[in-house]
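Peer 1: Pasting in a structure now, in structure tokens, and then I'll have a few things to ask.
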Amino acid sequence: MSFNRLGKSVRRFGSVRQMSTASPYRVLQFHGDGVGPEIVGAAERVLEATGVKFDWVRMDMGYETYEKTGHVITEEHLQAMEEIKVIFKGPLTIPPGKNPYTELRGRKFTSGNQVLRKCFDLYANVRPAKLFPGLQSRFSDVDLLVVRENTEDVYTGEEKWVDDDTVEGVKRITRKASTRIAEKAFELATKHGRKRVTAVHKANVCKQADGFFLEICREVAKKYPEINFDEQLADSLLTKMVMDPSEWDVLLCPNLYGDMVSDLAAGIVGSLGLCPSGMYGTEYAVFEPCHGSAPDIAGKDISNPVSQVLSGAMLLRHLGEGKAAESIEAALEKVTVQGGNALTPDLGGTGTNTSMTDAIIKEL
């Protein structure tokens, strides 16, 4: 459904932040590609089972949409986001070497996701990684929070050919972006009772860029004396996480290192399919799973819905529905110890997306 077809109803309700808690929360929904429709549908069922009311504004977006229409994302998507301000979306397919560039509002982007990050300044990518009971892991106590700067570093998409044998890419670190991501990490640590923030860097090699990031993190840390602050080289952090992940709490990262660290954290707790993701700006937010679109299992009803469901819990907290978010997480902890038909095959069970979703809703 296009934004134009939604017409007056979107404008009438406005943003979710303007609404009374007695009214449904208006949320923009993109089901994405591959398993996206299955896991978004599952998460929608769980969210509504909490008793919180939603008014979903559904639009197509993604690579499959590109193959049909020639566009991954359009001006209509941006207008809808400007009105509604929050997105709940599934994963997008971005095949290597086949990714179409997107041009919108006089700018060029490498993907639909980058359009959202750049146009709405979604500067903070927050990725929790928690070990749930009953699931296989080498470890027993993992509860990490990766806070990743989301707008710069080497992910700006600025690359150029110098000659036939050389490509150069930009690594950009700014005071503004580094300050606000550091503040976000300390604010989250304070809000959720966490005790330690670790700045991740390679200032021994990238002396100016990462050195600048580190300098700003130190300045921000002085404002939060109740939170322990330390620093860790990115490469040695990966080794230490594998040896003892319980040592770490909040990991504050520039864009590239945050991407790697969050994926490793997901592997430590069992799967990318267990980890949610939230992208935050000052006005806008997007919630999505950490994993890709898994087109090889799409339509088979065996996709793991947990990452999307937990992203839904992050959405609920963003809307001020903390108790509903906690109820989902508590229900999931009861489900993961059941095994069998309550879990999808990737988690060691014999169930389906549908049976696991049913199990979560039953525990709610």
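Convention: chains lettered A, B, ... in structure tokens order; per-chain residue numbering from 1; ligands numbered from 1 as shown.
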Can you tell me, as a PyMOL selection string, which residues in range 94-322 of chain A count as alpha helix (DSSP H) by DSSP?
Peer 2: chain A and resi 112-119+175-191+209-221+234-243+255-269+306-318+322
Peer 1: Do a neighbour search on range 212-229 of chain A at 10 Å with only C-alpha atoms, toss out local chain neighbours closer than 3 positions, and write the hits as number ranges by chain.
Peer 2: A: 173-183, 185-187, 189-190, 193-203, 206-209, 250, 252-254
Peer 1: Next, write the just-selected residues to a file, as a short mmCIF file (atom, residue, chain, number, x, y, z; two decimals), in the first residue's frame, keeping N, CA and C atoms as the atom set.
Peer 2:
data_model
loop_
_atom_site.label_atom_id
_atom_site.label_comp_id
_atom_site.auth_asym_id
_atom_site.auth_seq_id
_atom_site.Cartn_x
_atom_site.Cartn_y
_atom_site.Cartn_z
N ILE A 173 35.36 10.64 11.22
CA ILE A 173 35.01 10.70 12.63
C ILE A 173 34.82 12.17 12.98
N THR A 174 33.65 12.53 13.50
CA THR A 174 33.38 13.92 13.83
C THR A 174 33.08 14.07 15.32
N ARG A 175 33.26 15.29 15.80
CA ARG A 175 32.98 15.58 17.21
C ARG A 175 31.49 15.38 17.51
N LYS A 176 30.63 15.87 16.61
CA LYS A 176 29.19 15.79 16.84
C LYS A 176 28.74 14.34 16.98
N ALA A 177 29.10 13.52 15.99
CA ALA A 177 28.64 12.12 16.00
C ALA A 177 29.23 11.35 17.17
N SER A 178 30.50 11.57 17.46
CA SER A 178 31.15 10.84 18.55
C SER A 178 30.59 11.25 19.91
N THR A 179 30.30 12.54 20.07
CA THR A 179 29.76 13.01 21.34
C THR A 179 28.38 12.43 21.61
N ARG A 180 27.51 12.46 20.62
CA ARG A 180 26.15 12.01 20.89
C ARG A 180 26.06 10.50 21.05
N ILE A 181 26.94 9.72 20.38
CA ILE A 181 26.88 8.27 20.59
C ILE A 181 27.45 7.92 21.95
N ALA A 182 28.47 8.65 22.40
CA ALA A 182 29.02 8.41 23.73
C ALA A 182 27.97 8.76 24.79
N GLU A 183 27.27 9.87 24.60
CA GLU A 183 26.23 10.25 25.54
C GLU A 183 25.10 9.22 25.56
N ALA A 185 25.39 6.01 24.98
CA ALA A 185 25.86 4.82 25.70
C ALA A 185 25.78 5.02 27.21
N PHE A 186 26.21 6.17 27.69
CA PHE A 186 26.17 6.43 29.13
C PHE A 186 24.75 6.62 29.63
N GLU A 187 23.88 7.23 28.83
CA GLU A 187 22.48 7.38 29.21
C GLU A 187 21.81 6.02 29.35
N ALA A 189 23.33 3.14 29.93
CA ALA A 189 23.92 2.47 31.09
C ALA A 189 23.27 2.95 32.38
N THR A 190 23.06 4.25 32.48
CA THR A 190 22.43 4.82 33.68
C THR A 190 20.98 4.36 33.81
N GLY A 193 20.68 0.48 34.68
CA GLY A 193 21.41 -0.03 35.83
C GLY A 193 22.69 -0.77 35.49
N ARG A 194 23.28 -0.43 34.37
CA ARG A 194 24.55 -1.04 34.01
C ARG A 194 25.71 -0.25 34.63
N LYS A 195 26.83 -0.93 34.83
CA LYS A 195 27.90 -0.36 35.65
C LYS A 195 29.14 0.08 34.88
N ARG A 196 29.25 -0.34 33.63
CA ARG A 196 30.53 -0.13 32.95
C ARG A 196 30.31 0.16 31.47
N VAL A 197 31.04 1.13 30.95
CA VAL A 197 31.06 1.44 29.52
C VAL A 197 32.50 1.33 29.03
N THR A 198 32.68 0.57 27.95
CA THR A 198 34.01 0.37 27.36
C THR A 198 34.04 0.97 25.97
N ALA A 199 34.95 1.90 25.72
CA ALA A 199 35.12 2.49 24.39
C ALA A 199 36.03 1.58 23.56
N VAL A 200 35.56 1.22 22.39
CA VAL A 200 36.29 0.28 21.51
C VAL A 200 36.97 1.09 20.41
N HIS A 201 38.25 0.80 20.14
CA HIS A 201 39.01 1.66 19.23
C HIS A 201 40.22 0.93 18.65
N LYS A 202 40.88 1.59 17.70
CA LYS A 202 42.19 1.18 17.19
C LYS A 202 43.09 2.42 17.09
N ALA A 203 43.13 3.17 18.18
CA ALA A 203 43.90 4.41 18.20
C ALA A 203 45.39 4.18 18.11
N CYS A 206 45.01 3.92 13.90
CA CYS A 206 44.30 5.11 13.38
C CYS A 206 44.42 6.22 14.43
N LYS A 207 45.60 6.76 14.53
CA LYS A 207 45.93 7.64 15.66
C LYS A 207 45.09 8.91 15.69
N GLN A 208 44.79 9.48 14.54
CA GLN A 208 44.02 10.71 14.53
C GLN A 208 42.51 10.43 14.62
N ALA A 209 42.01 9.54 13.74
CA ALA A 209 40.56 9.30 13.71
C ALA A 209 40.08 8.62 14.99
N VAL A 250 28.58 -2.61 28.62
CA VAL A 250 28.20 -1.75 27.50
C VAL A 250 29.44 -1.48 26.65
N LEU A 252 30.90 0.64 23.61
CA LEU A 252 30.70 1.87 22.86
C LEU A 252 31.64 1.88 21.66
N CYS A 253 31.07 1.86 20.44
CA CYS A 253 31.87 1.59 19.26
C CYS A 253 31.64 2.59 18.12
N PRO A 254 32.69 2.92 17.39
CA PRO A 254 32.48 3.54 16.07
C PRO A 254 31.79 2.54 15.15
#
Peer 1: Write out as JSON, numbers by chain all residues of range 271-339 of chain A that DSSP puts in strand (DSSP E) for this structure's backbone.
Peer 2: {"A": [276, 277, 278, 279, 280, 285, 286, 287, 288, 289]}
Peer 1: Given the selection you just returned, output its residues as a file containing all heavy atoms, formatted as a tab-separated table (two decimals), in the first residue's frame.
Peer 2:
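This went into again_11.tsv:
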chain	number	residue	atom	x	y	z
A	276	PRO	N	18.02	-8.45	18.87
A	276	PRO	CA	17.27	-7.37	18.24
A	276	PRO	C	18.15	-6.18	17.91
A	276	PRO	O	19.34	-6.15	18.26
A	276	PRO	CB	16.26	-7.00	19.34
A	276	PRO	CG	17.05	-7.21	20.61
A	276	PRO	CD	17.94	-8.40	20.33
A	277	SER	N	17.56	-5.20	17.27
A	277	SER	CA	18.30	-4.00	16.90
A	277	SER	C	17.35	-2.80	16.86
A	277	SER	O	16.23	-2.90	16.35
A	277	SER	CB	18.96	-4.18	15.52
A	277	SER	OG	19.57	-2.97	15.08
A	278	GLY	N	17.83	-1.68	17.40
A	278	GLY	CA	17.09	-0.44	17.33
A	278	GLY	C	18.00	0.67	16.83
A	278	GLY	O	19.14	0.78	17.26
A	279	MET	N	17.51	1.47	15.89
A	279	MET	CA	18.25	2.63	15.41
A	279	MET	C	17.50	3.88	15.84
A	279	MET	O	16.30	4.02	15.57
A	279	MET	CB	18.41	2.59	13.88
A	279	MET	CG	19.23	1.43	13.36
A	279	MET	SD	19.67	1.59	11.61
A	279	MET	CE	18.05	1.43	10.83
A	280	TYR	N	18.23	4.80	16.49
A	280	TYR	CA	17.59	5.96	17.09
A	280	TYR	C	18.19	7.26	16.57
A	280	TYR	O	19.41	7.39	16.44
A	280	TYR	CB	17.77	5.94	18.61
A	280	TYR	CG	17.21	4.73	19.30
A	280	TYR	CD1	17.97	3.57	19.44
A	280	TYR	CD2	15.92	4.73	19.82
A	280	TYR	CE1	17.47	2.45	20.09
A	280	TYR	CE2	15.40	3.62	20.47
A	280	TYR	CZ	16.18	2.49	20.60
A	280	TYR	OH	15.68	1.37	21.23
A	285	ALA	N	12.91	6.63	14.88
A	285	ALA	CA	13.47	5.36	15.33
A	285	ALA	C	13.03	4.24	14.40
A	285	ALA	O	11.92	4.28	13.85
A	285	ALA	CB	13.05	5.06	16.76
A	286	VAL	N	13.90	3.25	14.23
A	286	VAL	CA	13.62	2.08	13.40
A	286	VAL	C	14.00	0.83	14.20
A	286	VAL	O	15.08	0.78	14.80
A	286	VAL	CB	14.42	2.11	12.08
A	286	VAL	CG1	14.22	0.81	11.29
A	286	VAL	CG2	14.04	3.32	11.25
A	287	PHE	N	13.14	-0.17	14.18
A	287	PHE	CA	13.39	-1.41	14.90
A	287	PHE	C	13.34	-2.58	13.91
A	287	PHE	O	12.38	-2.70	13.14
A	287	PHE	CB	12.36	-1.58	16.02
A	287	PHE	CG	12.41	-0.43	16.99
A	287	PHE	CD1	11.58	0.67	16.81
A	287	PHE	CD2	13.31	-0.43	18.03
A	287	PHE	CE1	11.65	1.75	17.67
A	287	PHE	CE2	13.38	0.65	18.91
A	287	PHE	CZ	12.56	1.75	18.72
A	288	GLU	N	14.35	-3.43	13.95
A	288	GLU	CA	14.49	-4.50	12.97
A	288	GLU	C	15.35	-5.62	13.55
A	288	GLU	O	16.07	-5.41	14.53
A	288	GLU	CB	15.15	-3.96	11.70
A	288	GLU	CG	16.55	-3.41	11.94
A	288	GLU	CD	17.18	-2.81	10.69
A	288	GLU	OE1	16.61	-2.97	9.61
A	288	GLU	OE2	18.24	-2.18	10.81
A	289	PRO	N	15.33	-6.82	12.95
A	289	PRO	CA	16.18	-7.91	13.43
A	289	PRO	C	17.63	-7.67	13.03
A	289	PRO	O	17.92	-6.90	12.11
A	289	PRO	CB	15.60	-9.14	12.71
A	289	PRO	CG	15.02	-8.58	11.44
A	289	PRO	CD	14.47	-7.23	11.82
Peer 1: Using only C-alpha atoms, which protein or nucleic acid residues come within 10 Å of Gln136 in chain A? Drop anything in the same chain fewer than 5 positions from it, and give the result as an MDAnalysis selection string.
Peer 2: chainID A and resid 131 268:270 347:348
Peer 1: Write the residues you've just listed into a file as a PDB file, in the first residue's frame, and include C-alpha atoms for each of them.
Peer 2:
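Saved the output as selection_27.pdb:
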ATOM      1  CA  LEU A 131      21.839 -15.498  26.631  1.00  0.00           C
ATOM      2  CA  ILE A 268      28.250 -15.956  21.563  1.00  0.00           C
ATOM      3  CA  VAL A 269      24.630 -16.081  22.743  1.00  0.00           C
ATOM      4  CA  GLY A 270      23.740 -18.588  20.037  1.00  0.00           C
ATOM      5  CA  LEU A 347      17.598 -23.353  18.137  1.00  0.00           C
ATOM      6  CA  GLY A 348      17.663 -27.135  18.400  1.00  0.00           C
TER       7      GLY A 348
END
Peer 1: I'd like to know which of A:Lys130, A:Lys160, A:Leu364, A:Gln308 is closest to Lys323 in chain A, using only C-alpha atoms.
Peer 2: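 Answer, going by the shortest atom-to-atom distance: A:Leu364.
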Peer 1: Find the distance between CA of Thr282 in chain A and CA of His318 in chain A and write it in Å to one decimal.
Peer 2: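 Result for CA of Thr282 in chain A versus CA of His318 in chain A: 12.1 Å, one decimal.
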Peer 1: Kindly give the distance, in Å, that separates CA of Met356 in chain A and CA of Leu343 in chain A, rounded to a single decimal.
Peer 2: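 Atom-to-atom, CA of Met356 in chain A and CA of Leu343 in chain A are spaced 5.4 Å apart.
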Peer 1: Which residues are close to Glu158 in chain A, i.e. within 9 Å by only C-alpha atoms, leaving aside same-chain residues fewer than 6 positions away? Reply as a list in words.
Peer 2: Glu168, Gly169, Val170 and Lys171 of chain A
Peer 1: Report as a list of chain:residue names all protein, DNA and RNA residues lying within 7 Å of Ser262 in chain A, evaluated on only C-alpha atoms, omitting residues in the same chain fewer than 3 positions from it.
Peer 2: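 After dropping sequence-adjacent residues, the list is A:Arg127, A:Val146, A:Gly258, A:Asp259, A:Ala265, A:Ala266.
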Peer 1: Okay, now the selection with C-alpha atoms, as an mmCIF file, in the first residue's frame?
Peer 2:
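Result written to again-v7.cif:
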data_model
loop_
_atom_site.group_PDB
_atom_site.id
_atom_site.type_symbol
_atom_site.label_atom_id
_atom_site.label_comp_id
_atom_site.auth_asym_id
_atom_site.auth_seq_id
_atom_site.Cartn_x
_atom_site.Cartn_y
_atom_site.Cartn_z
ATOM 1 C CA ARG A 127 22.046 -4.071 19.853
ATOM 2 C CA VAL A 146 26.545 -2.825 21.939
ATOM 3 C CA GLY A 258 30.299 -1.916 16.268
ATOM 4 C CA ASP A 259 29.170 -3.942 13.275
ATOM 5 C CA ALA A 265 28.088 -10.985 20.516
ATOM 6 C CA ALA A 266 25.160 -12.584 18.700
#
Peer 1: Which one of A:Tyr257, A:Gln114, A:Asp153, A:Arg317 sits closest to Ser236 in chain A if you count only C-alpha atoms?
Peer 2: A:Tyr257
Peer 1: May I ask which of the residues A:Thr344, A:Asn150, A:Gln29, A:Asn113 is the closest one to Tyr101 in chain A, counting only C-alpha atoms?
Peer 2: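 Answer, going by the shortest atom-to-atom distance: A:Asn113.
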Peer 1: How far is it from CA of Glu82 in chain A to CA of Glu159 in chain A, in Å with one decimal?
Peer 2: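 Calculated distance between CA of Glu82 in chain A and CA of Glu159 in chain A is 29.3 Å.
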Peer 1: I need the residue nearest Val72 in chain A from this list: A:Gly36, A:Gly112, A:Gly90, A:Pro24. Use only C-alpha atoms for the distance.
Peer 2: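 Closest to Val72 in chain A of all the choices is A:Gly112.
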Peer 1: Leaving out range 49-60 of chain A and any residue of its chain fewer than 5 positions from it, which residues lie within 7 Å of it when counting only C-alpha atoms, given as a PyMOL selection string?
Peer 2: chain A and resi 1-2+24-31+65+324+361+364
